[in-house]
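Colleague: My structure file final_17.cif, mmCIF, C-alpha atoms and all ligand atoms, is below:
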data_start
loop_
_atom_site.label_atom_id
_atom_site.label_comp_id
_atom_site.auth_asym_id
_atom_site.auth_seq_id
_atom_site.Cartn_x
_atom_site.Cartn_y
_atom_site.Cartn_z
CA MET A 129 -20.55 2.05 38.57
CA GLY A 130 -21.02 5.73 37.84
CA CYS A 131 -24.38 7.12 36.78
CA SER A 132 -23.83 10.45 35.12
CA PRO A 133 -26.46 13.09 34.59
CA PHE A 134 -26.17 12.30 30.91
CA PHE A 135 -26.69 8.59 31.35
CA CYS A 136 -29.70 9.18 33.53
CA TYR A 137 -31.04 11.69 30.97
CA LYS A 138 -31.32 14.31 33.72
CA SER A 139 -29.52 16.82 31.56
CA GLY A 140 -32.33 16.53 29.03
CA ALA A 141 -29.74 16.04 26.31
CA THR A 142 -29.75 13.03 24.05
CA ARG A 143 -27.02 12.14 21.63
CA GLN A 144 -29.17 13.21 18.71
CA GLN A 145 -29.88 16.61 20.22
CA ILE A 146 -26.26 17.51 20.70
CA SER A 147 -24.92 19.46 17.80
CA THR A 148 -21.35 19.13 16.68
CA HIS A 149 -20.56 22.80 17.32
CA THR A 150 -17.94 23.32 19.95
CA GLU A 151 -20.02 25.82 21.88
CA ASP A 152 -22.74 23.21 22.28
CA LEU A 153 -20.53 20.67 24.01
CA PRO A 154 -22.55 19.20 26.85
CA GLY A 155 -21.58 20.87 30.09
CA ASP A 156 -21.93 17.84 32.28
CA ILE A 157 -19.02 15.80 31.00
CA ASN A 158 -17.43 14.46 34.11
CA THR A 159 -13.78 14.49 33.09
CA ILE A 160 -10.71 16.75 32.88
CA ARG A 161 -10.51 19.40 30.18
CA TYR A 162 -6.89 19.79 29.05
CA THR A 163 -5.45 22.75 27.21
CA TYR A 164 -3.92 22.20 23.80
CA LYS A 165 -0.64 23.58 25.17
CA GLU A 166 -0.56 20.93 27.90
CA LEU A 167 -1.05 18.12 25.40
CA ALA A 168 1.45 19.60 22.94
CA ARG A 169 4.01 19.66 25.75
CA ALA A 170 3.14 16.08 26.77
CA THR A 171 3.66 14.76 23.24
CA GLU A 172 6.66 16.98 22.33
CA ASN A 173 4.53 18.97 19.92
CA PHE A 174 2.83 15.88 18.54
CA ASN A 175 6.20 14.66 17.41
CA PRO A 176 5.88 11.94 14.73
CA SER A 177 8.28 9.79 16.76
CA ASN A 178 5.61 9.67 19.47
CA LYS A 179 2.87 8.56 17.09
CA ILE A 180 1.66 5.10 18.13
CA GLY A 181 -1.31 4.55 15.88
CA GLU A 182 -3.73 5.77 13.29
CA GLY A 183 -7.43 4.93 13.21
CA GLY A 184 -10.55 6.09 11.43
CA PHE A 185 -10.74 8.88 13.99
CA GLY A 186 -7.26 10.34 13.49
CA SER A 187 -3.77 9.89 14.94
CA VAL A 188 -2.82 8.57 18.36
CA TYR A 189 0.31 9.82 20.20
CA LYS A 190 2.05 8.63 23.30
CA GLY A 191 2.67 11.40 25.83
CA ARG A 192 3.69 12.11 29.39
CA LEU A 193 1.88 14.56 31.63
CA ARG A 194 3.78 16.82 34.04
CA ASN A 195 2.84 14.50 36.91
CA GLY A 196 4.66 11.68 35.07
CA LYS A 197 1.54 9.83 33.97
CA LEU A 198 1.78 8.19 30.54
CA ILE A 199 -1.11 9.01 28.24
CA ALA A 200 -2.44 8.12 24.79
CA VAL A 201 -3.60 11.25 22.97
CA LYS A 202 -6.14 10.69 20.22
CA VAL A 203 -6.30 13.67 17.86
CA LEU A 204 -9.42 13.95 15.71
CA SER A 205 -8.52 14.78 12.13
CA VAL A 206 -9.87 18.26 11.43
CA GLU A 207 -11.63 17.46 8.19
CA SER A 208 -13.52 14.47 9.61
CA ARG A 209 -17.14 15.50 10.21
CA GLN A 210 -18.17 11.96 11.00
CA GLY A 211 -15.26 11.81 13.39
CA LEU A 212 -16.52 14.91 15.15
CA LYS A 213 -19.82 13.22 15.87
CA GLU A 214 -17.92 10.21 17.08
CA PHE A 215 -15.81 12.46 19.26
CA LEU A 216 -18.86 13.68 21.16
CA ASN A 217 -20.24 10.19 21.23
CA GLU A 218 -17.11 8.68 22.69
CA LEU A 219 -16.81 11.45 25.21
CA MET A 220 -20.33 10.97 26.45
CA SER A 221 -20.23 7.19 26.30
CA ILE A 222 -17.25 6.68 28.54
CA SER A 223 -16.55 9.82 30.51
CA ASN A 224 -18.68 8.65 33.39
CA ILE A 225 -18.22 4.93 33.49
CA SER A 226 -15.37 2.86 34.75
CA HIS A 227 -14.54 -0.83 34.68
CA GLY A 228 -11.30 -2.78 34.78
CA ASN A 229 -11.86 -3.99 31.23
CA LEU A 230 -12.64 -0.64 29.61
CA VAL A 231 -10.05 1.98 28.68
CA SER A 232 -10.00 4.92 31.10
CA LEU A 233 -10.63 8.30 29.64
CA TYR A 234 -8.55 10.86 31.51
CA GLY A 235 -9.95 13.86 29.72
CA TYR A 236 -10.37 15.83 26.53
CA CYS A 237 -9.37 19.03 24.79
CA VAL A 238 -11.56 21.27 22.68
CA GLU A 239 -9.85 24.41 21.40
CA GLY A 240 -10.66 26.04 18.08
CA ASN A 241 -10.71 23.22 15.57
CA GLN A 242 -8.90 20.81 17.86
CA ARG A 243 -10.73 17.89 19.40
CA ILE A 244 -8.62 15.50 21.37
CA LEU A 245 -9.27 12.59 23.72
CA VAL A 246 -6.79 11.61 26.43
CA TYR A 247 -6.61 8.03 27.73
CA ASN A 248 -4.41 6.03 30.00
CA TYR A 249 -1.55 4.62 27.95
CA LEU A 250 -1.71 0.86 27.44
CA GLU A 251 1.67 -0.74 26.99
CA ASN A 252 0.92 -3.79 24.89
CA ASN A 253 -0.96 -2.44 21.91
CA SER A 254 -4.06 -4.09 20.45
CA LEU A 255 -4.96 -7.74 19.91
CA ALA A 256 -4.99 -7.03 16.17
CA GLN A 257 -1.37 -5.92 16.20
CA THR A 258 -0.10 -8.54 18.62
CA LEU A 259 -2.00 -11.84 18.62
CA LEU A 260 -3.36 -11.49 15.08
CA GLY A 261 -0.60 -9.28 13.66
CA SER A 262 1.90 -10.39 11.11
CA GLY A 263 4.58 -11.60 13.50
CA ARG A 264 5.80 -8.20 14.70
CA SER A 265 4.90 -8.85 18.31
CA ASN A 266 7.09 -10.83 20.67
CA ILE A 267 4.32 -11.37 23.22
CA GLN A 268 3.66 -15.02 23.93
CA PHE A 269 -0.07 -15.58 24.30
CA ASN A 270 -0.19 -18.80 26.28
CA TRP A 271 -3.52 -20.41 27.03
CA ARG A 272 -3.91 -18.85 30.49
CA SER A 273 -3.42 -15.35 29.08
CA ARG A 274 -5.98 -16.05 26.34
CA VAL A 275 -8.53 -17.23 28.92
CA ASN A 276 -8.01 -14.00 30.88
CA ILE A 277 -8.35 -11.91 27.74
CA CYS A 278 -11.58 -13.63 26.63
CA LEU A 279 -13.08 -13.40 30.11
CA GLY A 280 -12.04 -9.78 30.55
CA ILE A 281 -13.61 -8.68 27.28
CA ALA A 282 -16.78 -10.64 28.12
CA ARG A 283 -16.97 -8.98 31.55
CA GLY A 284 -16.40 -5.51 30.12
CA LEU A 285 -19.17 -6.02 27.59
CA ALA A 286 -21.55 -7.53 30.17
CA TYR A 287 -20.97 -4.39 32.23
CA LEU A 288 -21.85 -2.10 29.30
CA HIS A 289 -24.90 -4.20 28.41
CA ASP A 290 -26.36 -4.76 31.86
CA ASP A 291 -24.86 -2.55 34.55
CA VAL A 292 -24.79 0.85 32.87
CA ASN A 293 -28.07 2.69 32.62
CA PRO A 294 -29.10 3.24 29.86
CA HIS A 295 -27.35 0.20 28.42
CA ILE A 296 -24.57 0.74 25.94
CA VAL A 297 -24.12 -1.17 22.69
CA HIS A 298 -20.50 -0.76 21.61
CA ARG A 299 -21.13 -1.58 17.90
CA ASP A 300 -17.47 -2.03 16.96
CA ILE A 301 -16.10 -4.91 18.98
CA LYS A 302 -13.05 -6.19 17.10
CA ALA A 303 -9.43 -7.15 17.68
CA SER A 304 -8.05 -3.66 17.01
CA ASN A 305 -10.37 -2.21 19.66
CA ILE A 306 -9.06 -4.49 22.40
CA LEU A 307 -5.98 -2.92 23.95
CA LEU A 308 -3.70 -4.73 26.38
CA ASP A 309 -1.99 -3.30 29.45
CA LYS A 310 1.40 -4.43 30.75
CA ASP A 311 -0.16 -7.53 32.36
CA LEU A 312 -2.13 -8.35 29.19
CA THR A 313 -5.40 -7.30 30.84
CA PRO A 314 -7.78 -6.48 27.99
CA LYS A 315 -9.38 -3.05 27.78
CA ILE A 316 -12.24 -2.36 25.38
CA SER A 317 -11.59 0.91 23.54
CA ASP A 318 -13.00 3.09 20.77
CA PHE A 319 -16.49 4.10 21.76
CA GLY A 320 -16.90 6.31 18.71
CA LEU A 321 -19.74 4.18 17.39
CA ALA A 322 -21.33 3.32 20.72
CA LYS A 323 -25.08 3.78 21.06
CA LEU A 324 -27.01 4.31 24.22
CA LEU A 325 -30.11 2.15 24.36
CA PRO A 326 -33.04 4.18 25.72
CA PRO A 327 -34.73 2.54 28.71
CA ASN A 328 -37.14 -0.27 27.69
CA ALA A 329 -36.04 -0.19 24.06
CA SER A 330 -35.26 -3.61 22.63
CA HIS A 331 -33.36 -2.09 19.73
CA ILE A 332 -32.68 1.17 17.96
CA SER A 333 -32.41 1.60 14.22
CA THR A 334 -29.33 3.30 12.96
CA ARG A 335 -27.11 3.66 9.94
CA VAL A 336 -24.86 0.69 9.64
CA ALA A 337 -21.31 1.21 10.78
CA GLY A 338 -18.75 -1.17 12.16
CA THR A 339 -16.23 -3.51 10.69
CA LEU A 340 -16.69 -6.28 8.22
CA GLY A 341 -16.07 -9.73 9.57
CA TYR A 342 -17.55 -8.73 12.93
CA LEU A 343 -20.90 -7.26 11.79
CA ALA A 344 -23.98 -9.21 12.82
CA PRO A 345 -25.98 -9.90 9.65
CA GLU A 346 -29.27 -8.53 10.99
CA TYR A 347 -27.49 -5.31 11.89
CA ALA A 348 -25.89 -5.07 8.45
CA ILE A 349 -29.21 -5.76 6.71
CA ARG A 350 -31.74 -3.88 8.81
CA GLY A 351 -29.55 -1.53 10.81
CA GLN A 352 -31.10 -2.70 14.05
CA VAL A 353 -28.77 -2.28 16.97
CA THR A 354 -29.30 -4.59 19.91
CA ARG A 355 -26.97 -5.91 22.51
CA LYS A 356 -27.04 -9.15 20.52
CA SER A 357 -25.14 -7.46 17.68
CA ASP A 358 -22.24 -6.97 20.11
CA VAL A 359 -22.64 -10.60 21.20
CA TYR A 360 -22.15 -11.65 17.56
CA SER A 361 -18.96 -9.56 17.23
CA PHE A 362 -17.70 -10.93 20.53
CA GLY A 363 -18.29 -14.48 19.25
CA VAL A 364 -16.11 -13.77 16.21
CA LEU A 365 -13.41 -12.28 18.44
CA LEU A 366 -13.54 -15.31 20.75
CA LEU A 367 -12.88 -17.64 17.82
CA GLU A 368 -10.01 -15.41 16.71
CA ILE A 369 -8.37 -15.47 20.14
CA VAL A 370 -8.60 -19.26 20.48
CA SER A 371 -7.49 -19.95 16.90
CA GLY A 372 -4.97 -17.10 16.58
CA ARG A 373 -6.42 -16.33 13.14
CA SER A 374 -8.39 -13.41 11.78
CA ASN A 375 -11.96 -13.99 10.58
CA THR A 376 -11.35 -11.83 7.52
CA SER A 377 -7.95 -13.14 6.56
CA SER A 378 -7.82 -14.46 3.04
CA ARG A 379 -4.54 -16.21 3.83
CA LEU A 380 -5.58 -19.69 4.85
CA PRO A 381 -3.23 -22.52 5.72
CA TYR A 382 -2.92 -24.92 2.78
CA GLU A 383 -4.90 -27.69 4.47
CA ASP A 384 -7.85 -25.34 4.90
CA GLN A 385 -8.12 -24.30 1.26
CA ILE A 386 -10.79 -27.01 0.96
CA LEU A 387 -13.03 -24.65 2.91
CA LEU A 388 -13.08 -22.18 0.07
CA GLU A 389 -14.06 -24.98 -2.31
CA LYS A 390 -16.92 -25.90 0.01
CA PHE A 391 -18.05 -22.30 0.51
CA PRO A 392 -16.88 -20.51 -2.67
CA GLU A 393 -18.94 -17.39 -1.94
CA VAL A 394 -17.07 -16.62 1.23
CA THR A 395 -14.72 -13.67 1.32
CA ASN A 396 -15.03 -13.01 5.01
CA GLY A 397 -16.31 -15.05 7.88
CA VAL A 398 -13.83 -17.71 6.81
CA LEU A 399 -12.83 -18.55 10.36
CA LEU A 400 -16.46 -18.83 11.43
CA LEU A 401 -17.26 -21.33 8.72
CA GLN A 402 -14.04 -23.16 9.29
CA THR A 403 -14.89 -23.58 12.98
CA TRP A 404 -18.37 -24.75 12.04
CA MET A 405 -16.95 -27.27 9.58
CA TYR A 406 -14.66 -28.78 12.23
CA TYR A 407 -17.48 -28.72 14.78
CA GLU A 408 -19.66 -30.76 12.43
CA GLN A 409 -16.82 -33.19 11.89
CA GLY A 410 -16.42 -33.56 15.68
CA ASP A 411 -12.86 -32.27 15.37
CA LEU A 412 -13.08 -28.80 16.91
CA ALA A 413 -9.62 -29.05 18.47
CA LYS A 414 -8.13 -28.68 14.98
CA ILE A 415 -8.90 -24.97 14.96
CA ILE A 416 -7.03 -24.22 18.21
CA ASP A 417 -3.88 -22.15 17.76
CA SER A 418 -0.93 -24.54 17.79
CA SER A 419 1.13 -21.87 19.57
CA ALA A 420 -1.31 -21.59 22.49
CA GLY A 421 1.36 -22.90 24.86
CA ASP A 422 2.08 -25.91 27.07
CA ASP A 423 -0.67 -24.90 29.45
CA LEU A 424 -3.36 -25.43 26.79
CA ASP A 425 -6.52 -26.97 28.18
CA ILE A 426 -8.08 -28.53 25.08
CA GLU A 427 -11.44 -29.20 26.72
CA GLN A 428 -11.71 -25.59 27.88
CA ALA A 429 -10.60 -24.28 24.49
CA CYS A 430 -13.28 -26.37 22.75
CA ARG A 431 -15.86 -24.98 25.19
CA PHE A 432 -14.77 -21.45 24.27
CA LEU A 433 -15.12 -22.29 20.56
CA LYS A 434 -18.64 -23.61 21.14
CA VAL A 435 -19.52 -20.39 22.96
CA GLY A 436 -18.18 -18.51 19.92
CA LEU A 437 -20.45 -20.53 17.65
CA LEU A 438 -23.44 -19.88 19.93
CA CYS A 439 -22.76 -16.13 19.92
CA THR A 440 -22.77 -16.05 16.11
CA GLN A 441 -26.07 -17.84 15.52
CA ASP A 442 -28.34 -16.33 12.91
CA VAL A 443 -31.38 -16.15 15.19
CA THR A 444 -30.57 -13.44 17.71
CA ARG A 445 -32.54 -15.02 20.54
CA HIS A 446 -30.37 -18.13 20.22
CA ARG A 447 -27.34 -16.01 21.07
CA PRO A 448 -26.63 -15.86 24.81
CA THR A 449 -26.49 -12.57 26.70
CA MET A 450 -23.02 -11.40 27.68
CA SER A 451 -23.60 -12.28 31.34
CA THR A 452 -24.51 -15.83 30.28
CA VAL A 453 -21.40 -15.87 28.12
CA VAL A 454 -19.32 -15.01 31.20
CA SER A 455 -20.93 -17.90 33.11
CA MET A 456 -20.30 -20.29 30.23
CA LEU A 457 -16.67 -19.23 29.90
CA THR A 458 -16.01 -19.68 33.62
CA GLY A 459 -17.71 -23.08 33.50
CA GLU A 460 -20.50 -22.08 35.90
CA LYS A 461 -23.01 -22.76 33.16
CA ASP A 462 -22.99 -25.56 30.59
CA VAL A 463 -22.85 -24.77 26.90
CA ASP A 464 -26.03 -26.08 25.32
CA SER A 465 -24.62 -27.77 22.20
CA GLU A 466 -28.11 -28.53 20.89
CA LYS A 467 -28.61 -24.85 20.21
CA ILE A 468 -25.56 -24.65 17.95
CA SER A 469 -26.29 -24.58 14.23
CA LYS A 470 -24.43 -23.08 11.27
CA PRO A 471 -23.34 -19.56 12.21
CA ALA A 472 -24.53 -16.61 10.17
CA THR A 473 -22.10 -14.67 8.03
CA ILE A 474 -22.61 -11.41 6.23
CA SER A 475 -21.32 -13.07 3.07
CA ASP A 476 -24.51 -15.16 2.99
CA PHE A 477 -26.47 -11.94 2.77
CA MET A 478 -24.26 -10.18 0.24
CA ASP A 479 -24.06 -13.15 -2.07
CA LEU A 480 -27.83 -13.53 -1.92
CA LYS A 481 -28.32 -9.85 -2.62
CA ILE A 482 -26.04 -9.91 -5.64
CA ARG A 483 -27.73 -12.99 -7.09
CA SER A 484 -31.25 -11.63 -6.58
CA MET A 485 -30.28 -8.29 -8.10
CA ARG A 486 -28.82 -10.06 -11.07
CA ARG A 487 -32.06 -11.99 -11.52
CA GLU A 488 -34.21 -8.87 -11.02
CA ASN A 489 -32.22 -6.63 -13.29
CA ASN A 490 -30.66 -9.13 -15.61
CA ILE A 491 -27.40 -7.24 -15.39
CA ALA A 492 -23.83 -8.24 -15.73
CA PHE A 493 -21.83 -5.83 -13.63
CA ALA A 494 -19.19 -4.07 -15.65
CA SER A 495 -16.99 -3.07 -12.78
CA SER A 496 -16.72 -3.26 -9.05
CA SER A 497 -17.76 0.36 -8.68
CA THR A 498 -20.93 -0.24 -10.74
CA LEU A 499 -21.67 -3.22 -8.57
CA LEU A 500 -21.10 -1.27 -5.42
CA SER A 501 -23.26 1.68 -6.39
CA THR A 502 -26.02 -0.63 -7.65
CA ILE A 503 -26.01 -2.52 -4.37
CA MET A 504 -26.11 0.73 -2.45
CA ALA A 505 -29.04 1.96 -4.54
CA HIS A 506 -30.99 -1.26 -4.04
CA SER A 507 -30.11 -1.82 -0.43
CA SER A 508 -32.03 -0.88 2.63
CA PRO A 509 -31.69 2.88 3.16
CA LEU A 510 -29.84 2.00 6.31
CA LEU A 511 -26.99 0.53 4.33
CA SER A 512 -24.99 3.55 3.38
CA GLN A 513 -21.62 4.66 2.15
CA GLU A 514 -20.84 4.97 5.84
CA THR A 515 -20.32 1.23 5.70
CA THR A 516 -16.91 1.81 4.27
CA GLN A 517 -15.45 -1.46 5.41
CA ALA A 518 -18.32 -3.36 3.84
CA SER A 519 -17.66 -1.55 0.59
CA ILE A 520 -14.30 -3.21 0.40
CA THR A 521 -15.89 -6.62 0.42
CA PHE A 522 -18.52 -5.75 -2.13
CA THR A 523 -15.60 -4.84 -4.33
CA ALA A 524 -13.75 -8.03 -3.50
CA ILE A 525 -16.72 -10.16 -4.52
CA SER A 526 -17.10 -8.47 -7.85
CA GLU A 527 -13.43 -8.71 -8.62
CA ARG A 528 -13.40 -12.43 -8.03
CA GLU A 529 -16.35 -13.04 -10.31
N1 LIG A 601 -4.93 4.02 25.15
C1 LIG A 601 -4.04 3.59 24.25
N2 LIG A 601 -2.84 3.14 24.64
C2 LIG A 601 -1.93 2.70 23.74
N3 LIG A 601 -2.12 2.67 22.42
C3 LIG A 601 -3.31 3.12 21.96
C4 LIG A 601 -4.33 3.61 22.84
N4 LIG A 601 -5.40 3.97 22.08
C5 LIG A 601 -5.07 3.72 20.81
N5 LIG A 601 -3.82 3.20 20.72
C6 LIG A 601 -3.11 2.81 19.48
O1 LIG A 601 -3.58 3.55 18.39
C7 LIG A 601 -4.14 2.69 17.39
C8 LIG A 601 -5.31 3.38 16.72
O2 LIG A 601 -6.39 3.43 17.61
P1 LIG A 601 -7.83 3.91 17.19
O3 LIG A 601 -8.75 3.51 18.29
O4 LIG A 601 -7.78 5.34 16.83
O5 LIG A 601 -8.14 3.15 15.85
P2 LIG A 601 -8.45 1.61 15.49
O6 LIG A 601 -9.40 1.05 16.49
O7 LIG A 601 -7.14 0.88 15.33
O8 LIG A 601 -9.12 1.74 14.07
P3 LIG A 601 -10.58 2.31 13.71
O9 LIG A 601 -10.64 3.71 14.21
O10 LIG A 601 -10.60 2.23 12.23
O11 LIG A 601 -11.55 1.42 14.40
C9 LIG A 601 -4.50 1.41 18.15
O12 LIG A 601 -4.54 0.29 17.32
C10 LIG A 601 -3.37 1.34 19.17
O13 LIG A 601 -2.22 0.80 18.56
#
Represent the structure of the file as structure tokens.

Modeller:
Amino acid sequence: MGCSPFFCYKSGATRQQISTHTEDLPGDINTIRYTYKELARATENFNPSNKIGEGGFGSVYKGRLRNGKLIAVKVLSVESRQGLKEFLNELMSISNISHGNLVSLYGYCVEGNQRILVYNYLENNSLAQTLLGSGRSNIQFNWRSRVNICLGIARGLAYLHDDVNPHIVHRDIKASNILLDKDLTPKISDFGLAKLLPPNASHISTRVAGTLGYLAPEYAIRGQVTRKSDVYSFGVLLLEIVSGRSNTSSRLPYEDQILLEKFPEVTNGVLLLQTWMYYEQGDLAKIIDSSAGDDLDIEQACRFLKVGLLCTQDVTRHRPTMSTVVSMLTGEKDVDSEKISKPATISDFMDLKIRSMRRENNIAFASSSTLLSTIMAHSSPLLSQETTQASITFTAISERE
């Protein structure tokens, strides 16, 4: 494990102190600085045919360096101020750490308005586009490969949480941030929202960011970042990998429509509640992806699902640490079923909030935008417009009503 001057706070710089002006870039970033010309050459002038993705940060291009190495070049969109902050954040979060289940940052480029990150190129795209995508991928995720993916992500997160000093909370663990190499080894990517936990701090308060469906409720409500908020997101991801379904998908198989009758307020967290429902009925195997392959080990898959339920418990101390999760996934440690109760979903909170606001204000919301702005005005100051993904669901709730 690397311990950079930044991570040990020897540089005296904290994330908050670093301004977003180019000239104030921290000098102790332990990685290669590329010229814009080099990266333009590698990507054939950022040719659209080399574009492999688009995220909140900007566009991602595939490229080849002069030494033949394939790279992924992430170009920050110029107008994105928030992205600029994330650029510095990502750079500092991962430039000095390395683990087999984290993407490797090769370097960066800062020239004029340009801010670019350069990673190793991962051949098999993200879990969101392959396992959970709409049938465009021809990768077969048999059970063995899913076990390796779940374990790899758990190990990568345990490393960030326990082995790096200060500890890192990723804050945006989700299927589109898990990239796969040619052997389907998972690599955690996108450290734009990562937070460094100061030594001895149990949590830090922050503006809420992240992605709906994976957000731990206490983080969404109070903006408190702890390692347990990542554990929650990991739990959701674990259920998605075993079931092959997205937690936020509104497209449910016909036989599962009953779930929406049972929990009519739910617009996301569907998979979580579905898993809980089958767990209560003693029929957990029903949620396992039917295309998990001939090598499926049903007992192991059910254990993974129980770990997912444990990770998404409402009470944070009932969620295991990531190193315990690793032990439970490998079978070294038993899963304590007695600790499993109904998982928490952010929908519980939003529905409650809407109802209590209605009671308080006696209002019928005229439109989704009125609803959204009223919620924002009444919410904890930590809940902000930055929570763009959450906004979508606020809207969805109001439209359904
Ligand atoms: N190192 C890489 N190797 C191969 N493809 C990559 C790499 N990094 C990113 N990509 C591709 O680019 C896409 C966009 O990545 P990016 O991290 O910018 O956004 P995202 O995680 O999909 O979305 P958001 O920024 O909203 O969280 C990924 O889904 C993936 O397809």

Colleague: Within 8 Å of Leu433 in chain A, counting all atoms listed in the file, which residues show up once you throw out same-chain ones fewer than 2 positions away? Write them as a list in words, please.

Modeller: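 Counting only the stated atoms, we get Leu366, Leu367, Val370, Thr403, Leu412, Ala429, Cys430, Arg431, Val435, Gly436 and Leu437 of chain A.
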
Colleague: Selection from above, C-alpha atoms, as a PDB file, in the coordinates of the input, can you write it?

Modeller:
ATOM      1  CA  LEU A 366     -13.540 -15.310  20.750  1.00  0.00           C
ATOM      2  CA  LEU A 367     -12.880 -17.640  17.820  1.00  0.00           C
ATOM      3  CA  VAL A 370      -8.600 -19.260  20.480  1.00  0.00           C
ATOM      4  CA  THR A 403     -14.890 -23.580  12.980  1.00  0.00           C
ATOM      5  CA  LEU A 412     -13.080 -28.800  16.910  1.00  0.00           C
ATOM      6  CA  ALA A 429     -10.600 -24.280  24.490  1.00  0.00           C
ATOM      7  CA  CYS A 430     -13.280 -26.370  22.750  1.00  0.00           C
ATOM      8  CA  ARG A 431     -15.860 -24.980  25.190  1.00  0.00           C
ATOM      9  CA  VAL A 435     -19.520 -20.390  22.960  1.00  0.00           C
ATOM     10  CA  GLY A 436     -18.180 -18.510  19.920  1.00  0.00           C
ATOM     11  CA  LEU A 437     -20.450 -20.530  17.650  1.00  0.00           C
TER      12      LEU A 437
END

Colleague: Give me the residues within 9 Å of Arg447 in chain A as JSON, numbers by chain, counting all atoms listed in the file and dropping any in the same chain fewer than 2 places off.

Modeller: {"A": [356, 359, 360, 437, 438, 439, 440, 441, 442, 443, 444, 445, 449, 467]}

Colleague: Once you have the residues from the selection above, write them out as a short mmCIF file (atom, residue, chain, number, x, y, z; two decimals), keeping the file's coordinate frame, restricted to C-alpha atoms.

Modeller:
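Saved as result37.cif:
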data_model
loop_
_atom_site.label_atom_id
_atom_site.label_comp_id
_atom_site.auth_asym_id
_atom_site.auth_seq_id
_atom_site.Cartn_x
_atom_site.Cartn_y
_atom_site.Cartn_z
CA LYS A 356 -27.04 -9.15 20.52
CA VAL A 359 -22.64 -10.60 21.20
CA TYR A 360 -22.15 -11.65 17.56
CA LEU A 437 -20.45 -20.53 17.65
CA LEU A 438 -23.44 -19.88 19.93
CA CYS A 439 -22.76 -16.13 19.92
CA THR A 440 -22.77 -16.05 16.11
CA GLN A 441 -26.07 -17.84 15.52
CA ASP A 442 -28.34 -16.33 12.91
CA VAL A 443 -31.38 -16.15 15.19
CA THR A 444 -30.57 -13.44 17.71
CA ARG A 445 -32.54 -15.02 20.54
CA THR A 449 -26.49 -12.57 26.70
CA LYS A 467 -28.61 -24.85 20.21
#

Colleague: If you count only C-alpha atoms and all ligand atoms, which residues end up within 8 Å of ligand LIG 601 (chain A), as number ranges by chain?

Modeller: A: 180-190, 199-202, 231-232, 246-254, 256-257, 300, 304-305, 307, 317-318, 338-339

Colleague: Let me make sure I understand: among A:Asp309, A:Gly284, A:Leu400, A:Gln409, which one has the smallest atom-to-atom distance to Met450 in chain A if we use all atoms listed in the file?

Modeller: A:Gly284

Colleague: In Å to one decimal, how far is CA of Arg161 in chain A from CA of Gly240 in chain A?

Modeller: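 So the answer is 13.8 Å.
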
Colleague: What does the distance between CA of Met220 in chain A and CA of Arg299 in chain A come to in Å, to one decimal place?

Modeller: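 Going from CA of Met220 in chain A over to CA of Arg299 in chain A, I get 15.2 Å.
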
Colleague: Return the single residue from A:Ile222, A:Leu308, A:Val203, A:Ile416 that is closest to Leu288 in chain A, with distances computed using only C-alpha atoms.

Modeller: A:Ile222

Colleague: So, with all atoms listed in the file as the atoms that count, which of A:Lys310, A:His227, A:Lys315, A:Arg272 lies closest to Tyr287 in chain A?

Modeller: A:His227

Colleague: Which residue out of A:Ile349, A:Phe362, A:Ile426, A:Val398 has the minimum interatomic distance to Arg283 in chain A when only C-alpha atoms are used?

Modeller: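 Selected residue with least distance to Arg283 in chain A: A:Phe362.
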
Colleague: Closest to Pro294 in chain A among A:Ser469, A:Ser221, A:Gln428, A:Ser418, using only C-alpha atoms?

Modeller: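 For Pro294 in chain A, the nearest of the given residues is A:Ser221.
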
Colleague: Between CA of Phe215 in chain A and CA of Phe319 in chain A, what is the spacing in Å?

Modeller: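 Separating CA of Phe319 in chain A from CA of Phe215 in chain A is a distance of 8.8 Å.
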
Colleague: Which of these residues is nearest to Leu193 in chain A, using all atoms listed in the file: A:Asp291, A:Glu346, A:Glu460, A:Glu172?

Modeller: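 Using all atoms listed in the file, Leu193 in chain A sits closest to A:Glu172.
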
Colleague: If I only have part of range 311-315 of chain A, can you fill in N, CA, C and O atoms and write it as a CSV table (one decimal), keeping the file's coordinate frame?

Modeller:
chain,number,residue,atom,x,y,z
A,311,ASP,N,0.1,-6.2,31.9
A,311,ASP,CA,-0.2,-7.5,32.4
A,311,ASP,C,-1.0,-8.3,31.4
A,311,ASP,O,-1.6,-9.3,31.7
A,312,LEU,N,-1.2,-7.8,30.2
A,312,LEU,CA,-2.1,-8.4,29.2
A,312,LEU,C,-3.6,-8.4,29.6
A,312,LEU,O,-4.4,-9.2,29.2
A,313,THR,N,-4.0,-7.4,30.5
A,313,THR,CA,-5.4,-7.3,30.8
A,313,THR,C,-6.1,-6.6,29.7
A,313,THR,O,-5.6,-5.5,29.2
A,314,PRO,N,-7.2,-7.1,29.1
A,314,PRO,CA,-7.8,-6.5,28.0
A,314,PRO,C,-8.6,-5.3,28.4
A,314,PRO,O,-9.3,-5.3,29.4
A,315,LYS,N,-8.6,-4.3,27.5
A,315,LYS,CA,-9.4,-3.0,27.8
A,315,LYS,C,-10.1,-2.7,26.5
A,315,LYS,O,-9.5,-2.5,25.4
